[in-house]
Amino acid sequence: ADLGIPLIECKQKYNFMDSKIREDVPKAIEAKMEKYDIEDIFCNTFCCQFGYQHKYSASDIVQALGATLEFGNSTLNLKQAVYEGLDLLSRTNSTKLTQAIEKARDQSV
């Protein structure tokens with residue numbers, strides 16, 4: 001509410017927000033950073049897109065790889081964990097990558 005973004009828009013995923021509001025979100029956050037004593041919340045990144053459905057930022061992929069290597073399947077040895085991480089980079093494994101990104105988000109909270 002403090003950012004001036006309608007609650008209905010806040011309850012949905014960022015990608016599905018109205019495009020005008022999506023453009024205003026970073027500016028609204030920047031305007032409130034000093035009030036909440038927040039620094040360096042934004043980072044430069046780039047995105048890759050697989051077809052029409054899957055669009056990933058480089059930082060999401062890094063987080064997913066880190067989570068897979070650090071918190072992956074406990075039955076895997078280090079070599080197998082690295083291969084599991086490499087599998088995430090394949091265009092044919094976008095489902096695995098999406099799951100790993102969700103796992104990384106859950107672990108960062």
# chains A, B, ... in the order shown; residues from 1 in each chain; ligands from 1

$ residues_around --residues "segment 33-41 of chain A" --least-positions-apart "5" --cutoff "12 Å" --atoms "only C-alpha atoms" --output "PyMOL selection string"
chain A and resi 2-3+26-28

$ atom_distance --atom1 "atom CA of Asn44 of chain A" --atom2 "atom CA of Ile8 of chain A"
28.0 Å

$ residues_around --residues "Leu69 of chain A" --least-positions-apart "4" --cutoff "12 Å" --atoms "only C-alpha atoms" --output "VMD selection string"
chain A and resid 62 to 65 73 to 74 76 to 88 100 103 to 104

$ closest_residue --among "A:Gly66, A:Met17, A:Val25, A:Arg91" --to "Gly51 of chain A" --atoms "only C-alpha atoms"
A:Arg91

$ closest_residue --among "A:Lys13, A:His54, A:Phe71, A:Gly4" --to "Ala31 of chain A" --atoms "only C-alpha atoms"
A:Gly4

$ select_by_dssp --residues "chain A" --states "alpha helix (DSSP H)" --output "PyMOL selection string"
chain A and resi 7-10+19-32+58-71+78-88+94-108

$ select_by_dssp --residues "chain A" --states "strand (DSSP E)" --output "PDB file with all heavy atoms, in the first residue's frame"
ATOM      1  N   CYS A  47      18.359 -11.364 -19.792  1.00  0.00           N
ATOM      2  CA  CYS A  47      17.386 -12.463 -19.839  1.00  0.00           C
ATOM      3  C   CYS A  47      17.598 -13.314 -21.074  1.00  0.00           C
ATOM      4  O   CYS A  47      18.114 -12.850 -22.086  1.00  0.00           O
ATOM      5  CB  CYS A  47      15.967 -11.907 -19.865  1.00  0.00           C
ATOM      6  SG  CYS A  47      15.507 -11.035 -18.373  1.00  0.00           S
ATOM      7  N   CYS A  48      17.212 -14.562 -20.942  1.00  0.00           N
ATOM      8  CA  CYS A  48      17.159 -15.446 -22.104  1.00  0.00           C
ATOM      9  C   CYS A  48      15.738 -15.978 -22.170  1.00  0.00           C
ATOM     10  O   CYS A  48      15.040 -16.053 -21.169  1.00  0.00           O
ATOM     11  CB  CYS A  48      18.172 -16.582 -22.003  1.00  0.00           C
ATOM     12  SG  CYS A  48      17.836 -17.757 -20.702  1.00  0.00           S
ATOM     13  N   GLN A  49      15.318 -16.310 -23.368  1.00  0.00           N
ATOM     14  CA  GLN A  49      13.955 -16.781 -23.542  1.00  0.00           C
ATOM     15  C   GLN A  49      13.961 -18.018 -24.413  1.00  0.00           C
ATOM     16  O   GLN A  49      14.594 -18.049 -25.463  1.00  0.00           O
ATOM     17  CB  GLN A  49      13.095 -15.688 -24.174  1.00  0.00           C
ATOM     18  CG  GLN A  49      11.640 -16.025 -24.208  1.00  0.00           C
ATOM     19  CD  GLN A  49      10.772 -14.823 -24.493  1.00  0.00           C
ATOM     20  OE1 GLN A  49      11.254 -13.703 -24.564  1.00  0.00           O
ATOM     21  NE2 GLN A  49       9.497 -15.049 -24.671  1.00  0.00           N
ATOM     22  N   PHE A  50      13.252 -19.047 -23.952  1.00  0.00           N
ATOM     23  CA  PHE A  50      13.100 -20.292 -24.698  1.00  0.00           C
ATOM     24  C   PHE A  50      11.685 -20.322 -25.254  1.00  0.00           C
ATOM     25  O   PHE A  50      10.732 -20.551 -24.517  1.00  0.00           O
ATOM     26  CB  PHE A  50      13.318 -21.520 -23.816  1.00  0.00           C
ATOM     27  CG  PHE A  50      14.664 -21.577 -23.150  1.00  0.00           C
ATOM     28  CD1 PHE A  50      14.799 -22.069 -21.881  1.00  0.00           C
ATOM     29  CD2 PHE A  50      15.808 -21.138 -23.802  1.00  0.00           C
ATOM     30  CE1 PHE A  50      16.029 -22.147 -21.263  1.00  0.00           C
ATOM     31  CE2 PHE A  50      17.044 -21.197 -23.195  1.00  0.00           C
ATOM     32  CZ  PHE A  50      17.149 -21.703 -21.923  1.00  0.00           C
ATOM     33  N   HIS A  54       9.057 -19.482 -21.745  1.00  0.00           N
ATOM     34  CA  HIS A  54      10.076 -19.478 -20.705  1.00  0.00           C
ATOM     35  C   HIS A  54      11.047 -18.310 -20.886  1.00  0.00           C
ATOM     36  O   HIS A  54      11.786 -18.260 -21.852  1.00  0.00           O
ATOM     37  CB  HIS A  54      10.841 -20.801 -20.715  1.00  0.00           C
ATOM     38  CG  HIS A  54       9.943 -21.995 -20.666  1.00  0.00           C
ATOM     39  ND1 HIS A  54       9.243 -22.335 -19.547  1.00  0.00           N
ATOM     40  CD2 HIS A  54       9.612 -22.901 -21.601  1.00  0.00           C
ATOM     41  CE1 HIS A  54       8.530 -23.412 -19.788  1.00  0.00           C
ATOM     42  NE2 HIS A  54       8.724 -23.774 -21.024  1.00  0.00           N
ATOM     43  N   LYS A  55      11.018 -17.380 -19.926  1.00  0.00           N
ATOM     44  CA  LYS A  55      11.939 -16.251 -19.935  1.00  0.00           C
ATOM     45  C   LYS A  55      12.628 -16.226 -18.582  1.00  0.00           C
ATOM     46  O   LYS A  55      11.970 -16.154 -17.546  1.00  0.00           O
ATOM     47  CB  LYS A  55      11.185 -14.950 -20.169  1.00  0.00           C
ATOM     48  CG  LYS A  55      12.079 -13.752 -20.338  1.00  0.00           C
ATOM     49  CD  LYS A  55      11.271 -12.526 -20.694  1.00  0.00           C
ATOM     50  CE  LYS A  55      12.170 -11.356 -20.973  1.00  0.00           C
ATOM     51  NZ  LYS A  55      11.409 -10.160 -21.356  1.00  0.00           N
ATOM     52  N   TYR A  56      13.954 -16.307 -18.590  1.00  0.00           N
ATOM     53  CA  TYR A  56      14.714 -16.399 -17.354  1.00  0.00           C
ATOM     54  C   TYR A  56      15.756 -15.286 -17.292  1.00  0.00           C
ATOM     55  O   TYR A  56      16.400 -14.986 -18.282  1.00  0.00           O
ATOM     56  CB  TYR A  56      15.454 -17.739 -17.272  1.00  0.00           C
ATOM     57  CG  TYR A  56      14.549 -18.934 -17.378  1.00  0.00           C
ATOM     58  CD1 TYR A  56      14.499 -19.682 -18.542  1.00  0.00           C
ATOM     59  CD2 TYR A  56      13.752 -19.311 -16.310  1.00  0.00           C
ATOM     60  CE1 TYR A  56      13.673 -20.782 -18.636  1.00  0.00           C
ATOM     61  CE2 TYR A  56      12.930 -20.414 -16.400  1.00  0.00           C
ATOM     62  CZ  TYR A  56      12.886 -21.142 -17.561  1.00  0.00           C
ATOM     63  OH  TYR A  56      12.072 -22.228 -17.659  1.00  0.00           O
ATOM     64  N   SER A  57      15.940 -14.737 -16.105  1.00  0.00           N
ATOM     65  CA  SER A  57      17.026 -13.775 -15.935  1.00  0.00           C
ATOM     66  C   SER A  57      18.287 -14.544 -15.546  1.00  0.00           C
ATOM     67  O   SER A  57      18.218 -15.636 -14.970  1.00  0.00           O
ATOM     68  CB  SER A  57      16.685 -12.740 -14.862  1.00  0.00           C
ATOM     69  OG  SER A  57      16.762 -13.308 -13.587  1.00  0.00           O
TER      70      SER A  57
END

$ residues_around --residues "Thr45 of chain A" --least-positions-apart "3" --cutoff "10 Å" --atoms "only C-alpha atoms" --output "ChimeraX atom specification"
/A:42,57-60

$ write_last_selection --atoms "N, CA, C and O atoms" --output "compact mmCIF listing (two decimals), in the first residue's frame"
# COMPACT_ATOMS: atom_id res chain seq x y z
N PHE A 42 18.66 -3.41 -6.40
CA PHE A 42 18.58 -3.70 -7.83
C PHE A 42 19.95 -4.14 -8.36
O PHE A 42 20.98 -3.65 -7.89
N SER A 57 15.94 -14.74 -16.10
CA SER A 57 17.03 -13.78 -15.93
C SER A 57 18.29 -14.54 -15.55
O SER A 57 18.22 -15.64 -14.97
N ALA A 58 19.42 -13.98 -15.85
CA ALA A 58 20.70 -14.63 -15.53
C ALA A 58 20.82 -14.84 -14.03
O ALA A 58 21.31 -15.88 -13.57
N SER A 59 20.37 -13.88 -13.24
CA SER A 59 20.48 -14.03 -11.79
C SER A 59 19.61 -15.17 -11.26
O SER A 59 20.00 -15.86 -10.32
N ASP A 60 18.44 -15.39 -11.87
CA ASP A 60 17.60 -16.54 -11.47
C ASP A 60 18.31 -17.86 -11.76
O ASP A 60 18.26 -18.79 -10.95

$ closest_residue --among "A:Ala67, A:Ile61, A:Asn15, A:Cys10" --to "Phe46 of chain A" --atoms "only C-alpha atoms"
A:Ile61

$ atom_distance --atom1 "atom CA of Glu70 of chain A" --atom2 "atom CA of Gln107 of chain A"
10.7 Å
